[in-house]
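J.: input16.cif (mmCIF, C-alpha atoms and all ligand atoms) pasted underneath:
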data_final
loop_
_atom_site.label_atom_id
_atom_site.label_comp_id
_atom_site.auth_asym_id
_atom_site.auth_seq_id
_atom_site.Cartn_x
_atom_site.Cartn_y
_atom_site.Cartn_z
CA MET A 1264 162.43 -15.50 310.80
CA ARG A 1265 159.55 -17.70 311.92
CA ASN A 1266 157.37 -19.11 309.18
CA ILE A 1267 153.97 -20.45 308.39
CA LEU A 1268 154.33 -23.66 306.39
CA ILE A 1269 151.46 -24.77 304.15
CA TYR A 1270 150.90 -28.26 302.75
CA SER A 1271 148.15 -30.07 300.90
CA ASP A 1272 148.41 -32.92 298.41
CA ASN A 1273 145.61 -31.15 296.51
CA THR A 1274 147.08 -28.26 294.51
CA ASP A 1275 143.86 -26.20 294.49
CA TYR A 1276 143.63 -26.42 298.26
CA ALA A 1277 147.34 -25.60 298.61
CA CYS A 1278 146.76 -22.40 296.60
CA GLU A 1279 143.92 -21.48 298.98
CA LEU A 1280 146.13 -22.17 301.99
CA LEU A 1281 148.60 -19.61 300.66
CA THR A 1282 145.84 -16.99 300.74
CA ALA A 1283 144.91 -18.09 304.26
CA ALA A 1284 148.52 -17.85 305.40
CA HIS A 1285 148.94 -14.37 303.94
CA THR A 1286 145.88 -13.06 305.81
CA ILE A 1287 147.72 -13.59 309.12
CA ALA A 1288 151.45 -13.71 308.33
CA GLY A 1289 152.02 -9.95 308.03
CA GLU A 1290 150.40 -9.13 311.35
CA ILE A 1291 152.51 -11.61 313.32
CA GLY A 1292 155.68 -10.97 311.30
CA TYR A 1293 155.95 -14.49 309.91
CA GLY A 1294 157.08 -15.53 306.46
CA VAL A 1295 154.99 -17.86 304.27
CA THR A 1296 156.53 -21.05 302.92
CA ALA A 1297 155.09 -24.07 301.12
CA LEU A 1298 155.98 -27.73 300.99
CA THR A 1299 155.42 -30.21 298.17
CA ILE A 1300 156.06 -33.93 298.41
CA ASN A 1301 156.62 -35.94 295.24
CA ASN A 1302 154.63 -33.45 293.19
CA ASP A 1303 156.76 -31.33 290.83
CA ASP A 1304 153.76 -29.90 289.04
CA GLN A 1305 152.40 -28.56 292.32
CA ALA A 1306 155.80 -27.05 293.19
CA GLU A 1307 155.79 -25.13 289.87
CA LYS A 1308 152.26 -23.84 290.44
CA LEU A 1309 152.97 -22.75 294.01
CA ALA A 1310 156.17 -21.02 292.90
CA LEU A 1311 153.99 -18.60 290.92
CA ARG A 1312 152.28 -17.61 294.16
CA CYS A 1313 154.75 -18.05 297.01
CA GLY A 1314 158.35 -16.95 297.59
CA THR A 1315 159.75 -20.12 299.15
CA ILE A 1316 158.82 -23.64 298.13
CA TYR A 1317 160.46 -26.65 299.74
CA ARG A 1318 160.31 -29.57 297.38
CA ILE A 1319 160.80 -33.15 298.48
CA ARG A 1320 161.31 -35.90 295.94
CA ASP A 1321 161.59 -39.22 297.64
CA GLU A 1322 159.76 -42.30 296.41
CA ALA A 1323 160.34 -43.91 299.81
CA ILE A 1324 157.69 -41.57 301.18
CA LEU A 1325 154.44 -43.34 300.54
CA MET A 1326 151.80 -40.70 299.97
CA ALA A 1327 149.02 -43.08 301.05
CA ASP A 1328 150.62 -43.28 304.48
CA ALA A 1329 149.40 -40.30 306.52
CA ALA A 1330 151.86 -41.14 309.31
CA ALA A 1331 154.82 -40.93 306.94
CA VAL A 1332 153.58 -37.65 305.43
CA ALA A 1333 153.03 -36.16 308.90
CA LEU A 1334 156.56 -37.16 309.88
CA VAL A 1335 158.00 -35.45 306.80
CA ILE A 1336 156.03 -32.25 307.46
CA SER A 1337 157.17 -32.20 311.09
CA GLU A 1338 160.81 -32.55 310.01
CA VAL A 1339 160.49 -29.68 307.53
CA ALA A 1340 158.61 -27.49 310.02
CA LYS A 1341 161.41 -28.05 312.54
CA LYS A 1342 164.23 -27.43 310.06
CA LYS A 1343 162.61 -24.36 308.54
CA ASN A 1344 161.45 -22.73 311.76
CA ALA A 1345 157.74 -23.04 311.03
CA PRO A 1346 155.78 -23.31 314.29
CA VAL A 1347 152.53 -22.77 312.40
CA VAL A 1348 151.49 -25.36 309.81
CA LEU A 1349 148.35 -24.96 307.69
CA LEU A 1350 146.77 -28.03 306.11
CA SER A 1351 143.50 -28.51 304.28
CA SER A 1352 140.61 -29.79 306.37
CA ASN A 1353 139.59 -32.59 304.04
CA ARG A 1354 139.60 -36.19 305.22
CA ARG A 1355 143.28 -36.66 304.50
CA GLY A 1356 144.36 -33.28 305.84
CA LYS A 1357 142.53 -33.94 309.10
CA GLU A 1358 144.26 -37.25 309.58
CA ILE A 1359 147.65 -35.69 308.99
CA SER A 1360 146.78 -32.78 311.33
CA GLY A 1361 146.32 -34.93 314.42
CA ARG A 1362 149.45 -36.92 313.74
CA LEU A 1363 151.47 -33.78 313.09
CA ALA A 1364 150.29 -32.08 316.28
CA HIS A 1365 151.34 -35.18 318.19
CA LEU A 1366 154.79 -35.17 316.58
CA THR A 1367 155.39 -31.46 317.18
CA HIS A 1368 153.85 -31.49 320.69
CA GLY A 1369 151.57 -28.78 319.39
CA GLY A 1370 147.89 -27.97 319.43
CA CYS A 1371 145.54 -28.79 316.60
CA LEU A 1372 142.35 -27.25 315.24
CA THR A 1373 140.50 -28.73 312.27
CA ASP A 1374 137.48 -27.45 310.29
CA VAL A 1375 138.74 -23.90 310.62
CA SER A 1376 136.72 -21.47 308.52
CA GLY A 1377 138.57 -18.24 309.28
CA MET A 1378 141.65 -16.87 311.02
CA THR A 1379 142.37 -13.50 312.59
CA ILE A 1380 145.08 -12.00 314.76
CA ASP A 1381 143.82 -10.53 318.01
CA ASN A 1382 146.51 -8.83 320.15
CA GLY A 1383 149.15 -11.00 318.52
CA ARG A 1384 147.12 -14.15 319.16
CA LEU A 1385 146.12 -16.38 316.27
CA CYS A 1386 142.37 -16.92 316.59
CA CYS A 1387 140.52 -19.55 314.57
CA ARG A 1388 136.83 -19.61 313.73
CA ARG A 1389 135.04 -22.95 313.51
CA ASN A 1390 131.58 -24.44 313.73
CA THR A 1391 130.70 -26.16 316.95
CA LEU A 1392 127.77 -28.05 318.50
CA GLY A 1393 127.12 -29.81 315.20
CA GLY A 1394 127.14 -26.54 313.29
CA ALA A 1395 124.57 -24.83 315.52
CA THR A 1396 127.01 -22.11 316.50
CA VAL A 1397 130.37 -20.63 315.58
CA VAL A 1398 133.19 -20.42 318.10
CA THR A 1399 136.53 -18.63 318.10
CA GLN A 1400 139.40 -20.68 319.52
CA ALA A 1401 143.15 -20.20 319.89
CA ILE A 1402 145.93 -22.75 320.33
CA GLU A 1403 148.02 -21.91 323.38
CA SER A 1404 151.05 -24.03 322.55
CA ASP A 1405 153.83 -22.61 320.44
CA HIS A 1406 153.40 -25.21 317.72
CA LYS A 1407 150.10 -24.91 315.95
CA VAL A 1408 148.55 -27.20 313.35
CA ILE A 1409 145.51 -25.68 311.69
CA ALA A 1410 143.38 -27.45 309.10
CA VAL A 1411 141.42 -24.99 306.98
CA VAL A 1412 138.11 -25.87 305.33
CA PRO A 1413 138.55 -26.04 301.54
CA LYS A 1414 136.98 -23.25 299.46
CA VAL A 1415 136.71 -20.80 302.34
CA TYR A 1416 139.68 -18.79 301.07
CA ASP A 1417 140.15 -17.76 297.45
CA THR A 1418 142.99 -19.16 295.39
CA MET A 1419 146.16 -17.09 295.82
CA GLU A 1420 146.67 -14.91 292.77
CA GLU A 1421 149.76 -15.51 290.66
CA GLY A 1422 152.40 -12.83 291.14
CA GLU A 1423 155.46 -13.96 293.06
CA LYS A 1424 158.51 -15.49 291.45
CA GLY A 1425 159.18 -18.13 294.04
CA ALA A 1426 162.32 -20.18 294.53
CA ILE A 1427 162.00 -23.96 294.66
CA THR A 1428 164.50 -25.48 297.04
CA ASP A 1429 165.02 -29.24 297.05
CA ILE A 1430 165.39 -30.63 300.52
CA ALA A 1431 165.78 -34.10 301.92
CA VAL A 1432 164.41 -35.49 305.14
CA GLU A 1433 165.19 -38.55 307.13
CA ALA A 1434 161.85 -40.22 306.55
CA GLU A 1435 161.30 -43.64 308.02
CA LEU A 1436 160.32 -46.24 305.45
CA SER A 1437 156.61 -46.74 305.49
CA VAL A 1438 155.21 -49.82 307.15
CA ILE A 1439 152.26 -49.70 304.76
CA LYS A 1440 152.34 -51.46 301.41
CA VAL A 1441 149.98 -50.24 298.70
CA VAL A 1442 148.65 -53.25 296.84
CA GLU A 1443 146.35 -51.52 294.37
CA VAL A 1444 144.99 -48.03 293.70
CA MET A 1445 141.42 -47.91 292.41
CA PRO A 1446 139.69 -44.68 291.33
CA LYS A 1447 136.57 -43.85 293.30
CA VAL A 1448 133.44 -44.07 291.16
CA LYS A 1449 132.34 -40.45 291.06
CA ASP A 1450 128.87 -39.04 290.86
CA SER A 1451 128.67 -36.88 287.74
CA VAL A 1452 126.88 -34.11 289.63
CA ASP A 1453 128.80 -31.52 291.63
CA ILE A 1454 126.24 -30.13 294.09
CA GLU A 1455 128.66 -27.47 295.35
CA ALA A 1456 128.85 -25.95 291.87
CA ALA A 1457 125.08 -25.91 291.27
CA GLU A 1458 123.35 -22.52 291.28
CA VAL A 1459 120.01 -24.16 291.94
CA LEU A 1460 119.66 -27.12 294.30
CA VAL A 1461 116.55 -29.20 294.79
CA VAL A 1462 117.16 -31.03 298.06
CA VAL A 1463 115.08 -34.03 299.06
CA GLY A 1464 114.70 -35.25 302.62
CA GLN A 1465 113.04 -38.28 304.14
CA GLY A 1466 109.70 -36.58 303.60
CA MET A 1467 109.97 -37.81 300.01
CA GLY A 1468 108.79 -41.14 301.32
CA SER A 1469 109.70 -43.27 298.32
CA ARG A 1470 112.42 -43.61 295.71
CA ASP A 1471 109.63 -43.68 293.12
CA ASP A 1472 109.22 -39.92 293.61
CA LEU A 1473 112.79 -39.22 292.58
CA PRO A 1474 112.22 -39.08 288.78
CA ILE A 1475 109.71 -36.23 289.05
CA VAL A 1476 112.07 -34.37 291.41
CA GLU A 1477 114.83 -34.80 288.82
CA ILE A 1478 112.55 -33.41 286.11
CA LEU A 1479 111.83 -30.39 288.32
CA ALA A 1480 115.54 -29.84 288.98
CA GLY A 1481 116.19 -30.09 285.24
CA HIS A 1482 113.52 -27.47 284.48
CA LEU A 1483 115.15 -25.18 287.06
CA LYS A 1484 118.62 -25.88 285.56
CA GLY A 1485 119.63 -27.25 288.92
CA ALA A 1486 120.88 -30.40 290.60
CA VAL A 1487 119.27 -32.80 293.03
CA ALA A 1488 120.87 -33.10 296.46
CA CYS A 1489 119.68 -34.78 299.65
CA THR A 1490 119.85 -35.05 303.40
CA LYS A 1491 122.14 -37.62 304.95
CA PRO A 1492 119.60 -40.36 305.73
CA VAL A 1493 118.32 -40.25 302.15
CA ALA A 1494 121.80 -41.32 300.99
CA THR A 1495 123.16 -43.36 303.88
CA ASP A 1496 120.02 -45.10 305.19
CA LYS A 1497 117.68 -45.20 302.21
CA ARG A 1498 120.44 -45.26 299.56
CA TRP A 1499 118.22 -43.35 297.11
CA LEU A 1500 121.08 -41.06 296.08
CA SER A 1501 124.87 -41.20 296.31
CA GLU A 1502 126.71 -39.89 299.37
CA GLU A 1503 128.24 -37.17 297.19
CA ARG A 1504 124.79 -35.56 297.13
CA ILE A 1505 124.60 -35.06 300.91
CA VAL A 1506 124.29 -31.48 302.10
CA GLY A 1507 125.54 -30.70 305.58
CA LEU A 1508 128.14 -31.35 308.19
CA SER A 1509 129.07 -34.78 306.85
CA GLY A 1510 128.45 -33.77 303.25
CA ARG A 1511 128.95 -30.66 301.17
CA LYS A 1512 128.62 -27.03 302.16
CA CYS A 1513 126.64 -25.46 299.34
CA LYS A 1514 125.98 -21.84 298.46
CA PRO A 1515 123.39 -21.99 295.66
CA ASP A 1516 121.38 -18.98 294.54
CA LEU A 1517 118.25 -21.00 295.16
CA ALA A 1518 117.69 -24.00 297.43
CA LEU A 1519 114.32 -25.73 297.16
CA LEU A 1520 114.00 -28.06 300.15
CA LEU A 1521 111.41 -30.82 299.86
CA GLY A 1522 110.50 -32.84 302.95
CA VAL A 1523 113.56 -31.73 304.89
CA SER A 1524 113.16 -31.13 308.64
CA GLY A 1525 116.19 -28.84 309.06
CA GLN A 1526 118.37 -30.39 311.76
CA VAL A 1527 121.53 -28.41 312.57
CA GLN A 1528 123.81 -30.93 310.86
CA PHE A 1529 121.92 -30.31 307.62
CA VAL A 1530 121.46 -26.57 308.01
CA VAL A 1531 125.21 -25.94 308.25
CA GLY A 1532 125.49 -27.04 304.63
CA ILE A 1533 122.76 -24.84 303.18
CA ARG A 1534 122.49 -21.72 305.32
CA ASP A 1535 124.62 -19.69 302.89
CA ALA A 1536 122.11 -20.21 300.06
CA LYS A 1537 120.82 -16.86 298.80
CA THR A 1538 117.17 -17.95 298.81
CA ILE A 1539 115.68 -20.94 300.62
CA ILE A 1540 112.22 -22.28 299.84
CA SER A 1541 110.82 -25.11 301.95
CA VAL A 1542 107.94 -27.45 301.30
CA ASN A 1543 106.99 -29.39 304.42
CA THR A 1544 103.79 -30.88 305.81
CA ASP A 1545 104.81 -29.71 309.29
CA GLU A 1546 104.51 -25.97 309.81
CA ASN A 1547 106.67 -26.32 312.94
CA ALA A 1548 109.58 -28.07 311.24
CA PRO A 1549 112.82 -26.24 312.21
CA ILE A 1550 113.64 -25.54 308.56
CA MET A 1551 110.58 -23.28 308.31
CA THR A 1552 112.12 -20.63 310.61
CA MET A 1553 115.18 -20.19 308.42
CA SER A 1554 113.44 -20.34 305.03
CA ASP A 1555 112.74 -17.25 302.95
CA TYR A 1556 109.56 -18.84 301.57
CA ARG A 1557 107.67 -21.73 303.18
CA MET A 1558 104.85 -23.86 301.93
CA VAL A 1559 102.99 -26.13 304.33
CA ALA A 1560 102.05 -28.82 301.86
CA ASP A 1561 102.65 -32.37 300.70
CA MET A 1562 105.62 -32.43 298.33
CA LYS A 1563 103.98 -35.29 296.44
CA SER A 1564 101.35 -32.88 295.13
CA VAL A 1565 103.54 -29.75 295.00
CA VAL A 1566 106.32 -31.18 292.82
CA PRO A 1567 104.13 -32.44 289.92
CA GLU A 1568 102.16 -29.19 290.08
CA LEU A 1569 105.35 -27.14 289.85
CA VAL A 1570 106.59 -29.23 286.93
CA ARG A 1571 103.29 -28.71 285.09
CA ALA A 1572 103.35 -24.98 285.82
CA ILE A 1573 106.89 -24.59 284.47
CA GLU A 1574 106.05 -26.64 281.38
CA ARG A 1575 103.10 -24.35 280.69
CA LEU A 1576 105.36 -21.26 280.65
C1 LIG A 1601 127.33 -36.39 313.54
C2 LIG A 1601 126.13 -36.21 312.65
C3 LIG A 1601 126.32 -35.68 311.40
C4 LIG A 1601 125.24 -35.51 310.54
N1 LIG A 1601 125.45 -34.95 309.33
C5 LIG A 1601 124.38 -34.70 308.54
C6 LIG A 1601 124.56 -34.06 307.27
O1 LIG A 1601 125.66 -33.73 306.85
N2 LIG A 1601 123.46 -33.83 306.53
C7 LIG A 1601 122.19 -34.17 306.94
O2 LIG A 1601 121.23 -33.92 306.20
N3 LIG A 1601 122.01 -34.78 308.12
C8 LIG A 1601 123.06 -35.06 308.91
N4 LIG A 1601 122.86 -35.69 310.10
C9 LIG A 1601 121.50 -36.21 310.40
C10 LIG A 1601 120.58 -35.10 310.92
O3 LIG A 1601 120.71 -34.99 312.32
C11 LIG A 1601 119.09 -35.43 310.61
O4 LIG A 1601 118.79 -36.71 311.09
C12 LIG A 1601 118.78 -35.37 309.12
O5 LIG A 1601 119.23 -34.17 308.54
C13 LIG A 1601 117.28 -35.47 308.93
O6 LIG A 1601 117.01 -35.67 307.58
P1 LIG A 1601 115.60 -35.34 306.96
O7 LIG A 1601 115.29 -33.90 307.16
O8 LIG A 1601 115.61 -35.86 305.57
O9 LIG A 1601 114.60 -36.29 307.76
P2 LIG A 1601 113.58 -36.00 308.92
O10 LIG A 1601 114.21 -35.33 310.05
O11 LIG A 1601 112.90 -37.29 309.16
O12 LIG A 1601 112.54 -34.97 308.29
C14 LIG A 1601 111.62 -35.26 307.30
C15 LIG A 1601 110.74 -34.03 307.11
O13 LIG A 1601 109.85 -34.27 306.03
C16 LIG A 1601 108.58 -33.74 306.38
N5 LIG A 1601 107.62 -34.48 305.56
C17 LIG A 1601 107.15 -35.75 305.73
N6 LIG A 1601 106.34 -36.09 304.71
C18 LIG A 1601 106.31 -35.02 303.88
C19 LIG A 1601 105.66 -34.77 302.64
N7 LIG A 1601 104.89 -35.71 302.05
N8 LIG A 1601 105.83 -33.58 302.05
C20 LIG A 1601 106.60 -32.61 302.64
N9 LIG A 1601 107.25 -32.80 303.82
C21 LIG A 1601 107.10 -33.99 304.41
C22 LIG A 1601 108.44 -33.97 307.87
O14 LIG A 1601 107.52 -33.07 308.41
C23 LIG A 1601 109.89 -33.72 308.33
O15 LIG A 1601 110.04 -32.35 308.68
C24 LIG A 1601 123.93 -35.88 310.97
C25 LIG A 1601 123.75 -36.41 312.24
C26 LIG A 1601 124.84 -36.58 313.07
C27 LIG A 1601 124.62 -37.14 314.43
#
Mind turning the file's structure into structure tokens?
Ligand SMILES: Cc1cc2nc3c(=O)[nH]c(=O)nc-3n(C[C@H](O)[C@H](O)[C@H](O)COP(=O)(O)OP(=O)(O)OC[C@H]3O[C@@H](n4cnc5c(N)ncnc54)[C@H](O)[C@@H]3O)c2cc1C

T.:
Amino acid sequence: MRNILIYSDNTDYACELLTAAHTIAGEIGYGVTALTINNDDQAEKLALRCGTIYRIRDEAILMADAAAVALVISEVAKKKNAPVVLLSSNRRGKEISGRLAHLTHGGCLTDVSGMTIDNGRLCCRRNTLGGATVVTQAIESDHKVIAVVPKVYDTMEEGEKGAITDIAVEAELSVIKVVEVMPKVKDSVDIEAAEVLVVVGQGMGSRDDLPIVEILAGHLKGAVACTKPVATDKRWLSEERIVGLSGRKCKPDLALLLGVSGQVQFVVGIRDAKTIISVNTDENAPIMTMSDYRMVADMKSVVPELVRAIERL
């Protein structure tokens, strides 16, 4: 039997990939299998959700080396008859995807946000033209490497009693040497989890206006996020607060956008918000056409006024 093989070093994403695999496996008559590399805890968790887990324990495989990991996955895919491999479309998953497609002589699609079977053909949905439109694409080659956007699919429910099978692969020793591992300093705010987002753009004009925006977000029980230039050019907020193509895709109940123009690369990260309110001095700013409520006004006067109004309640 042909199989879909899923792999992610992130256990949450691996559990989502199982759901993704199951949405297509039945229709094309494939089995679903999972791979773990040097992660026994993940193998146990996946075994509650998937029938066949291939577990590799080999300290010679350096997890920091995407080339080595891709080589291992390609070996397992070959041995276990898995022409379709699903990975997570995070930074690491994308790097492995390209390398794996090269090794398997297959095709590769990253940033995939949905999969369907159309006349036996595996079709993948992904954003294109900087997020301005959605396209459906299919890989023609037999071997397919598909990287799925995290959090698009739900976590696979527990249910199966899977078997964990230890396997060994002929992995080449890594040419990379890890000298030191340092934890990334994390922003304490998770903008993807926030139900209310107050997003500032370059229209804010000055970092000095940030405290009052933070007070407003606090009153609304929300978090402050930003457009890319506010974090990368101005450095007023951390890059973890960026909404959009190069940042986070957020689905808050309410998004209050202050001084944001609404370029496609930004919009792709906020268009799933339930309600969008925009404050912009330019009535023709692109964001105005996609906002539920729009205010043509200077955010410098609107924000303090809003704070005062809420405090009077
Ligand atoms: C490959 C690529 C990826 C990218 N990824 C992202 C991404 O993930 N996220 C992202 O945000 N951008 C991204 N960008 C950048 C994007 O194209 C835009 O440049 C960016 O979103 C614009 O940010 P902005 O709206 O803050 O600034 P601007 O476009 O400069 O808009 C500022 C807005 O503020 C308004 N304004 C000015 N003063 C005031 C005031 N006092 N009160 C109210 N409104 C005011 C103006 O009318 C204007 O509409 C990407 C670009 C590329 C090429």

J.: Around all listed atoms of ligand LIG 1601 (chain A), padded 8 Å per side, what centre and edge lengths does the axis-aligned box have in Å to one decimal, as JSON?

T.:
{"center_x": 116.1, "center_y": -34.8, "center_z": 308.2, "size_x": 38.4, "size_y": 20.9, "size_z": 28.4}

J.: Hey, could you make a per-residue contact list for chain A against ligand LIG 1601 (chain A) with 7 Å as the cut-off, showing the nearest pair of atoms and its distance in Å to one decimal, counting only C-alpha atoms and all ligand atoms, sorted by chain and number, as a tab-separated table?

T.:
residue	atom	partner	partner_atom	distance
A:Gly1393	CA	A:LIG1601	C1	6.8
A:Val1463	CA	A:LIG1601	O8	6.8
A:Gly1464	CA	A:LIG1601	O8	3.1
A:Gln1465	CA	A:LIG1601	O8	3.8
A:Gly1466	CA	A:LIG1601	O13	3.4
A:Met1467	CA	A:LIG1601	N7	5.9
A:Gly1468	CA	A:LIG1601	N6	6.6
A:Cys1489	CA	A:LIG1601	O2	6.8
A:Thr1490	CA	A:LIG1601	O2	3.3
A:Lys1491	CA	A:LIG1601	C7	4.0
A:Pro1492	CA	A:LIG1601	O6	5.7
A:Val1493	CA	A:LIG1601	O8	6.2
A:Ile1505	CA	A:LIG1601	N2	5.9
A:Val1506	CA	A:LIG1601	N2	5.1
A:Gly1507	CA	A:LIG1601	O1	3.3
A:Leu1508	CA	A:LIG1601	O1	3.7
A:Ser1509	CA	A:LIG1601	O1	3.6
A:Gly1510	CA	A:LIG1601	O1	4.6
A:Leu1521	CA	A:LIG1601	C20	5.8
A:Gly1522	CA	A:LIG1601	N9	3.4
A:Val1523	CA	A:LIG1601	O7	3.6
A:Ser1524	CA	A:LIG1601	O15	3.4
A:Gly1525	CA	A:LIG1601	O7	5.5
A:Gln1526	CA	A:LIG1601	O5	5.0
A:Val1527	CA	A:LIG1601	O3	6.6
A:Gln1528	CA	A:LIG1601	C5	4.5
A:Phe1529	CA	A:LIG1601	C7	3.9
A:Val1542	CA	A:LIG1601	C20	5.5
A:Asn1543	CA	A:LIG1601	N9	3.5
A:Thr1544	CA	A:LIG1601	N9	4.4
A:Asp1545	CA	A:LIG1601	O14	4.4
A:Ala1548	CA	A:LIG1601	O15	5.0
A:Ala1560	CA	A:LIG1601	C20	6.0
A:Asp1561	CA	A:LIG1601	N8	3.7
A:Met1562	CA	A:LIG1601	N8	3.9
A:Lys1563	CA	A:LIG1601	N7	5.7

J.: Take the residues from that selection and write them out as a compact mmCIF listing (two decimals), keeping the file's coordinate frame, keeping C-alpha atoms.

T.:
# COMPACT_ATOMS: atom_id res chain seq x y z
CA GLY A 1393 127.12 -29.81 315.20
CA VAL A 1463 115.08 -34.03 299.06
CA GLY A 1464 114.70 -35.25 302.62
CA GLN A 1465 113.04 -38.28 304.14
CA GLY A 1466 109.70 -36.58 303.60
CA MET A 1467 109.97 -37.81 300.01
CA GLY A 1468 108.79 -41.14 301.32
CA CYS A 1489 119.68 -34.78 299.65
CA THR A 1490 119.85 -35.05 303.40
CA LYS A 1491 122.14 -37.62 304.95
CA PRO A 1492 119.60 -40.36 305.73
CA VAL A 1493 118.32 -40.25 302.15
CA ILE A 1505 124.60 -35.06 300.91
CA VAL A 1506 124.29 -31.48 302.10
CA GLY A 1507 125.54 -30.70 305.58
CA LEU A 1508 128.14 -31.35 308.19
CA SER A 1509 129.07 -34.78 306.85
CA GLY A 1510 128.45 -33.77 303.25
CA LEU A 1521 111.41 -30.82 299.86
CA GLY A 1522 110.50 -32.84 302.95
CA VAL A 1523 113.56 -31.73 304.89
CA SER A 1524 113.16 -31.13 308.64
CA GLY A 1525 116.19 -28.84 309.06
CA GLN A 1526 118.37 -30.39 311.76
CA VAL A 1527 121.53 -28.41 312.57
CA GLN A 1528 123.81 -30.93 310.86
CA PHE A 1529 121.92 -30.31 307.62
CA VAL A 1542 107.94 -27.45 301.30
CA ASN A 1543 106.99 -29.39 304.42
CA THR A 1544 103.79 -30.88 305.81
CA ASP A 1545 104.81 -29.71 309.29
CA ALA A 1548 109.58 -28.07 311.24
CA ALA A 1560 102.05 -28.82 301.86
CA ASP A 1561 102.65 -32.37 300.70
CA MET A 1562 105.62 -32.43 298.33
CA LYS A 1563 103.98 -35.29 296.44

J.: At what distance in Å, to one decimal, does CA of Val1347 (chain A) lie from CA of Ile1291 (chain A)?

T.: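 Distance reported for this atom pair: 11.2 Å.
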
J.: Measuring atom to atom with all atoms listed in the file, identify which of A:Ala1518, A:Cys1371, A:Ile1336, A:Leu1569 is nearest to Ile1402 (chain A).

T.: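 Closest candidate: A:Cys1371.
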
J.: Out of A:Ala1494, A:Val1448, A:Val1441, A:Val1570, which residue has the shortest atom-to-atom distance to Ile1478 (chain A) when counting only C-alpha atoms?

T.: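 Closest candidate: A:Val1570.
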
J.: Rank A:Leu1311, A:Ala1480, A:Val1411, A:Leu1460 by their smallest atom-to-atom distance to Lys1424 (chain A), using all atoms listed in the file, and report the top residue only.

T.: A:Leu1311

J.: Pick out the closest residue to Glu1503 (chain A) from this set: A:Val1332, A:Ile1573, A:Ala1364, A:Ala1486. Count all atoms listed in the file.

T.: A:Ala1486

J.: Counting all atoms listed in the file, which of A:Asp1405, A:Glu1279, A:Glu1458, A:Asp1429 gets nearest to Asn1301 (chain A)?

T.: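 Nearest to Asn1301 (chain A): A:Asp1429.
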
J.: Which residue, A:Ala1340, A:Val1444, A:Val1452, A:Ala1457, has the smallest gap to Pro1515 (chain A) when you use all atoms listed in the file?

T.: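 Residue with the minimum atom-to-atom distance to Pro1515 (chain A): A:Ala1457.
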
J.: Please identify all polymer residues within 12 Å of Arg1354 (chain A), counting all atoms listed in the file, omitting same-chain residues fewer than 2 positions from it, and present them as JSON, numbers by chain.

T.: {"A": [1271, 1272, 1273, 1329, 1350, 1351, 1352, 1356, 1357, 1358, 1359, 1360, 1361, 1373, 1374, 1410, 1411, 1412, 1413, 1509, 1510]}

J.: What does the distance between CA of Arg1384 (chain A) and CA of Tyr1416 (chain A) come to in Å, to one decimal place?

T.: 20.1 Å

J.: Would you list the contacts of Gly1314 (chain A) as a ChimeraX atom specification, taking every protein, DNA or RNA residue within 12 Å and counting only C-alpha atoms, but skipping same-chain residues closer than 4 positions in sequence?

T.: /A:1266,1268,1281,1285,1294-1298,1306-1310,1421-1428

J.: Keeping C-alpha atoms, export the residues of the selection given above as a PDB file, in the frame of the given file.

T.:
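Listing of selection39.pdb after writing:
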ATOM      1  CA  ASN A1266     157.370 -19.110 309.180  1.00  0.00           C
ATOM      2  CA  LEU A1268     154.330 -23.660 306.390  1.00  0.00           C
ATOM      3  CA  LEU A1281     148.600 -19.610 300.660  1.00  0.00           C
ATOM      4  CA  HIS A1285     148.940 -14.370 303.940  1.00  0.00           C
ATOM      5  CA  GLY A1294     157.080 -15.530 306.460  1.00  0.00           C
ATOM      6  CA  VAL A1295     154.990 -17.860 304.270  1.00  0.00           C
ATOM      7  CA  THR A1296     156.530 -21.050 302.920  1.00  0.00           C
ATOM      8  CA  ALA A1297     155.090 -24.070 301.120  1.00  0.00           C
ATOM      9  CA  LEU A1298     155.980 -27.730 300.990  1.00  0.00           C
ATOM     10  CA  ALA A1306     155.800 -27.050 293.190  1.00  0.00           C
ATOM     11  CA  GLU A1307     155.790 -25.130 289.870  1.00  0.00           C
ATOM     12  CA  LYS A1308     152.260 -23.840 290.440  1.00  0.00           C
ATOM     13  CA  LEU A1309     152.970 -22.750 294.010  1.00  0.00           C
ATOM     14  CA  ALA A1310     156.170 -21.020 292.900  1.00  0.00           C
ATOM     15  CA  GLU A1421     149.760 -15.510 290.660  1.00  0.00           C
ATOM     16  CA  GLY A1422     152.400 -12.830 291.140  1.00  0.00           C
ATOM     17  CA  GLU A1423     155.460 -13.960 293.060  1.00  0.00           C
ATOM     18  CA  LYS A1424     158.510 -15.490 291.450  1.00  0.00           C
ATOM     19  CA  GLY A1425     159.180 -18.130 294.040  1.00  0.00           C
ATOM     20  CA  ALA A1426     162.320 -20.180 294.530  1.00  0.00           C
ATOM     21  CA  ILE A1427     162.000 -23.960 294.660  1.00  0.00           C
ATOM     22  CA  THR A1428     164.500 -25.480 297.040  1.00  0.00           C
TER      23      THR A1428
END

J.: Please, what distance in Å, to one decimal, runs between CA of Val1375 (chain A) and CA of Gly1485 (chain A)?

T.: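 Between CA of Val1375 (chain A) and CA of Gly1485 (chain A) the gap works out to 29.1 Å.
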
J.: Which residues are near Val1339 (chain A)? Cut-off 10 Å, all atoms listed in the file, ignore same chain within fewer than 4 positions. Put them as a list in words.

T.: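 The residues satisfying every condition are Leu1268, Leu1298, Tyr1317, Ile1319, Ala1333, Leu1334, Val1335, Lys1343, Asn1344, Ala1345, Ile1430, Ala1431 and Val1432 of chain A.
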
J.: Residues within 9 Å of Leu1517 (chain A), please, as a list of chain:residue names. Count only C-alpha atoms; anything in the same chain fewer than 4 positions from it doesn't count.

T.: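 The residues that qualify are A:Glu1458, A:Val1459, A:Leu1460, A:Val1461, A:Gly1485, A:Ala1536, A:Lys1537, A:Thr1538, A:Ile1539, A:Ile1540.
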